[in-house]
Amino acid sequence: MKNKLYFPLFACALLGMTAACDSGDLDLEGQIPERFHKILYLDVYGKQSQVLYDTNEANLYALSIVKGGSDPSTNASAKVEVLSQEEVEVEYSNLEGVNYQVLPAASYTIDQPELLFEAGEEYKIVNVAIDPDQVKTAMENGDADAHWVLPLHVTSETDSINANRDELFLQVTEVITPTIGFSNTSINVKQYTYGRVSDITENVTLGLSTDNQWNIDLGLGISQTYVDNYNSQNGTVFQLVPEGLYDFPASLQLASGTTNADMTITVEGGSLQPGDYMLPVEIANTSLFEISASNGTYPMAFRIMGEELDRSNWSMYYFSTEEPTGESNGNNGRAPHMIDGNTGTYWHTQWQGEGANPPLPHLLIVDTQSEHTFTQFALMQRENSFYTKGGKFYVTNDPDSFVESYEQDKNSVSQSWGEGIGRFNLAQENGAQTFGVMPATGRYIVILVTESYRSEGLACIAELYAYGLNN
């Protein structure tokens with residue numbers, strides 16, 4: 001039977017209160033009972049949370065059993081046991097109202113379940129190996145509300161055990177499969193000016209989500225799918241950087257003891273035409289573990305701005321609505337104000353009189369008087385009146401086809417005309433907002449406003465700017 005130390009009795013012995021203690025086994029000049037010459041206890045005890053990592057190897061937990069007491073130089077022995085399910089229910093589950101489940105015996109091993117302390121030994125290290133695969137299986141197949149534990153208990157047939165430090169209640173909170181990914185995968189579009197950009201370089205970091213004890217080989221590549229999916233989900237028009245204009249390592253190794261690795265990506269920016277570009281470098285394969293589902297690709301993104309095009313001789317070719325008299329400054333609200341170079345004037349949809357508040361979409365066509373290759377547009381909300389929300393850009397040499405189609409059935413054009421060369425989604429803020437488009441050549445800029453922040457479908461634009469190349 002195990003012996004446990006209770007502090008009142010120990011204090012009695014230490015203070016020499018022999019009248020209250022059994023004097024039959026006194027030693028050390030009759031002051032301390034012999035059973036207190038050596039006292040065993042856990043260095044770390046009580047409830048401890050444990051996260052397991054599924055690394056294809058057992059996770060090791062080291063616990064220390066200390067030999068103390070009045071004369072710890074003597075021999076001692078102890079056992080490390082696991083409480084049964086019934087014992088856990090009595091000692092923990094029933095008292096706390098928590099469904100604690102003991103890990104299956106096949107999921108762990110104890111390297112030294114029986115300990116013998118020699119005279120000079122002050123402590124023993126016991127390694128508990130826990131198989132994360134077995135634990136994960138138990139979690140998946142067990143009760144959904146179960147809290148999985150490994151309740152370790154130190155006992156001794158011959159020596160005293162500190163009753164307050166004899167149990168280590170390991171609670172496995174989760175089993176995590178380590179993943180490999182980039183430390184930062186957010187889109188940060190850097191802007192450069194055409195004709196004034198050379199090499200574009202970015203340094204990025206990738207690594208393992210836990211301490212690395214292995215040599216892990218990584219293969220890197222490019223993901224066209226990432227670009228396609230991103231454009232589809234965000235209404236953007238990023239182009240994949242052409243092959244031969246970029247450079248990065250084809251492979252990397254995370255050596256044992258090294259959790260992170262740095263790499264450099266270089267793009268020959270001077271060889272690119274104006275436009276929005278993306279180079280999504282992905283971890284294509286790994287010799288160990290899994291590639292992070294969320295951080296497996298680093299999306300290098302940048303915009304090469306075309307030159308700002310001169311608008312001095314531009315004119316409005318067509319507008320489906322304007323407010324000719326209701327706005328300030330006489331004729332403010334008319335369509336030509338969106339290209340007049342004055343940020344204090346603006347185009348506004350009609351909101352009074354016959355034909356007021358026409359439903360979306362609204363159509364605007366600008367005549368630039370000659371062909372250009374357009375690469376970006378910028379729109380400016382009317383100052384502090386953020387009505388316009390979203391729409392599409394088109395470029396054409398046949399504006400009448402757009403006008404005819406719109407006037408025949410304005411409700412269907414947003415679908416029948418397709419996505420155009422790019423979309424815009426205006427934030428509710430002052431200042432010009434730039435939007436990339438697929439480079440397109442033509443004379444006329446077509447703007448289809450499809451969304452409004454106002455329920456009446458109101459829209460207004462202070463200025464339209466265009467960027468690209470003069471042909």
# chains A, B, ... in the order shown; residues from 1 in each chain; ligands from 1
call {"tool": "residues_around", "arguments": {"residues": "A:Lys389", "least_positions_apart": "6", "cutoff": "12 Å", "atoms": "only C-alpha atoms", "output": "PyMOL selection string"}}
result
chain A and resi 360-362+379-382+423-429+433+448-455+457-461
call {"tool": "residues_around", "arguments": {"residues": "stretch 312-320 of chain A", "least_positions_apart": "4", "cutoff": "7 Å", "atoms": "only C-alpha atoms", "output": "PyMOL selection string"}}
result
chain A and resi 335-336+362-369
call {"tool": "write_last_selection", "arguments": {"atoms": "N, CA, C and O atoms", "output": "mmCIF file, in the first residue's frame"}}
result
data_model
loop_
_atom_site.group_PDB
_atom_site.id
_atom_site.type_symbol
_atom_site.label_atom_id
_atom_site.label_comp_id
_atom_site.auth_asym_id
_atom_site.auth_seq_id
_atom_site.Cartn_x
_atom_site.Cartn_y
_atom_site.Cartn_z
ATOM 1 N N ALA A 335 -22.939 65.976 -66.775
ATOM 2 C CA ALA A 335 -21.960 64.931 -67.046
ATOM 3 C C ALA A 335 -20.560 65.452 -67.379
ATOM 4 O O ALA A 335 -19.565 64.874 -66.920
ATOM 5 N N PRO A 336 -20.399 66.529 -68.160
ATOM 6 C CA PRO A 336 -19.036 66.959 -68.510
ATOM 7 C C PRO A 336 -18.174 67.350 -67.309
ATOM 8 O O PRO A 336 -16.942 67.416 -67.426
ATOM 9 N N HIS A 362 -26.538 53.039 -64.774
ATOM 10 C CA HIS A 362 -26.386 54.307 -65.453
ATOM 11 C C HIS A 362 -25.202 54.193 -66.420
ATOM 12 O O HIS A 362 -24.179 53.606 -66.087
ATOM 13 N N LEU A 363 -25.351 54.801 -67.607
ATOM 14 C CA LEU A 363 -24.330 54.680 -68.647
ATOM 15 C C LEU A 363 -23.692 56.023 -68.952
ATOM 16 O O LEU A 363 -24.385 57.030 -69.133
ATOM 17 N N LEU A 364 -22.353 56.042 -69.011
ATOM 18 C CA LEU A 364 -21.585 57.227 -69.371
ATOM 19 C C LEU A 364 -20.542 56.822 -70.409
ATOM 20 O O LEU A 364 -19.868 55.798 -70.245
ATOM 21 N N ILE A 365 -20.394 57.610 -71.479
ATOM 22 C CA ILE A 365 -19.390 57.326 -72.501
ATOM 23 C C ILE A 365 -18.585 58.587 -72.756
ATOM 24 O O ILE A 365 -19.140 59.659 -73.025
ATOM 25 N N VAL A 366 -17.259 58.447 -72.662
ATOM 26 C CA VAL A 366 -16.345 59.577 -72.855
ATOM 27 C C VAL A 366 -15.603 59.398 -74.166
ATOM 28 O O VAL A 366 -15.062 58.327 -74.453
ATOM 29 N N ASP A 367 -15.553 60.457 -74.966
ATOM 30 C CA ASP A 367 -14.810 60.466 -76.227
ATOM 31 C C ASP A 367 -13.441 61.093 -75.979
ATOM 32 O O ASP A 367 -13.331 62.272 -75.659
ATOM 33 N N THR A 368 -12.383 60.293 -76.126
ATOM 34 C CA THR A 368 -11.017 60.807 -75.892
ATOM 35 C C THR A 368 -10.399 61.362 -77.170
ATOM 36 O O THR A 368 -9.223 61.742 -77.165
ATOM 37 N N GLN A 369 -11.129 61.344 -78.258
ATOM 38 C CA GLN A 369 -10.749 61.959 -79.537
ATOM 39 C C GLN A 369 -9.701 61.176 -80.322
ATOM 40 O O GLN A 369 -9.541 61.418 -81.516
#
call {"tool": "closest_residue", "arguments": {"among": "A:Gln101, A:Thr109, A:Asn162, A:Thr441", "to": "A:Lys67", "atoms": "only C-alpha atoms"}}
result
A:Asn162
call {"tool": "residues_around", "arguments": {"residues": "A:Pro132", "least_positions_apart": "6", "cutoff": "12 Å", "atoms": "only C-alpha atoms", "output": "list of chain:residue names"}}
result
A:Gln50, A:Val51, A:Leu52, A:Tyr53, A:Asp54, A:Thr55, A:Asn56, A:Glu57, A:Ala58, A:Asn59, A:Leu60, A:Leu103, A:Pro104, A:Ala106, A:Ser107, A:Tyr108, A:Ala138, A:Met139, A:Val172, A:Thr173, A:Glu174, A:Val175, A:Ile176, A:Thr177, A:Pro178
call {"tool": "residues_around", "arguments": {"residues": "A:Asn164", "least_positions_apart": "2", "cutoff": "12 Å", "atoms": "only C-alpha atoms", "output": "PyMOL selection string"}}
result
chain A and resi 4-7+39-46+153-154+160-162+166-168
call {"tool": "residues_around", "arguments": {"residues": "A:Phe377", "least_positions_apart": "5", "cutoff": "8 Å", "atoms": "only C-alpha atoms", "output": "VMD selection string"}}
result
chain A and resid 434 to 437 464 to 467
call {"tool": "residues_around", "arguments": {"residues": "A:Pro324", "least_positions_apart": "6", "cutoff": "8 Å", "atoms": "only C-alpha atoms", "output": "list in words"}}
result
Asn331, Asn332, Gly333, Arg334 and Gln350 of chain A
call {"tool": "select_by_dssp", "arguments": {"residues": "stretch 47-281 of chain A", "states": "alpha helix (DSSP H)", "output": "ChimeraX atom specification"}}
result
/A:85-88,94-96,132-141,224-234
call {"tool": "residues_around", "arguments": {"residues": "A:Asn342", "least_positions_apart": "5", "cutoff": "9 Å", "atoms": "only C-alpha atoms", "output": "mmCIF file with N, CA and C atoms, in the first residue's frame"}}
result
data_model
loop_
_atom_site.group_PDB
_atom_site.id
_atom_site.type_symbol
_atom_site.label_atom_id
_atom_site.label_comp_id
_atom_site.auth_asym_id
_atom_site.auth_seq_id
_atom_site.Cartn_x
_atom_site.Cartn_y
_atom_site.Cartn_z
ATOM 1 N N HIS A 337 -18.789 67.587 -66.159
ATOM 2 C CA HIS A 337 -18.003 67.991 -64.991
ATOM 3 C C HIS A 337 -17.097 66.867 -64.482
ATOM 4 N N ALA A 462 -16.988 62.941 -59.248
ATOM 5 C CA ALA A 462 -16.356 64.255 -59.378
ATOM 6 C C ALA A 462 -15.371 64.279 -60.538
ATOM 7 N N GLU A 463 -14.544 63.232 -60.663
ATOM 8 C CA GLU A 463 -13.546 63.212 -61.726
ATOM 9 C C GLU A 463 -13.282 61.791 -62.184
#
call {"tool": "select_by_dssp", "arguments": {"residues": "stretch 16-171 of chain A", "states": "strand (DSSP E)", "output": "VMD selection string"}}
result
chain A and resid 26 to 27 32 to 33 39 to 42 46 to 53 59 to 68 76 to 82 100 to 102 108 to 110 114 to 117 123 to 130 147 to 155 160 to 162 167 to 171
call {"tool": "closest_residue", "arguments": {"among": "A:Gly418, A:Gly69, A:Gly275, A:Pro299", "to": "A:Tyr394", "atoms": "only C-alpha atoms"}}
result
A:Gly418
call {"tool": "atom_distance", "arguments": {"atom1": "atom CA of A:Gly296", "atom2": "atom CA of A:Gly257"}}
result
21.2 Å
call {"tool": "closest_residue", "arguments": {"among": "A:Ala163, A:Ile130, A:Leu469, A:Met338", "to": "A:Asp310", "atoms": "only C-alpha atoms"}}
result
A:Leu469
call {"tool": "closest_residue", "arguments": {"among": "A:Asn141, A:Trp148, A:Arg196, A:Leu288", "to": "A:Val98", "atoms": "only C-alpha atoms"}}
result
A:Trp148
call {"tool": "closest_residue", "arguments": {"among": "A:Val413, A:Ile447, A:Leu309, A:Leu240", "to": "A:Gly468", "atoms": "only C-alpha atoms"}}
result
A:Leu309
call {"tool": "atom_distance", "arguments": {"atom1": "atom CA of A:Ala440", "atom2": "atom CA of A:Asn471"}}
result
11.5 Å
call {"tool": "closest_residue", "arguments": {"among": "A:Gly355, A:Pro72, A:Gly269, A:Gly344", "to": "A:Ile200", "atoms": "only C-alpha atoms"}}
result
A:Gly269
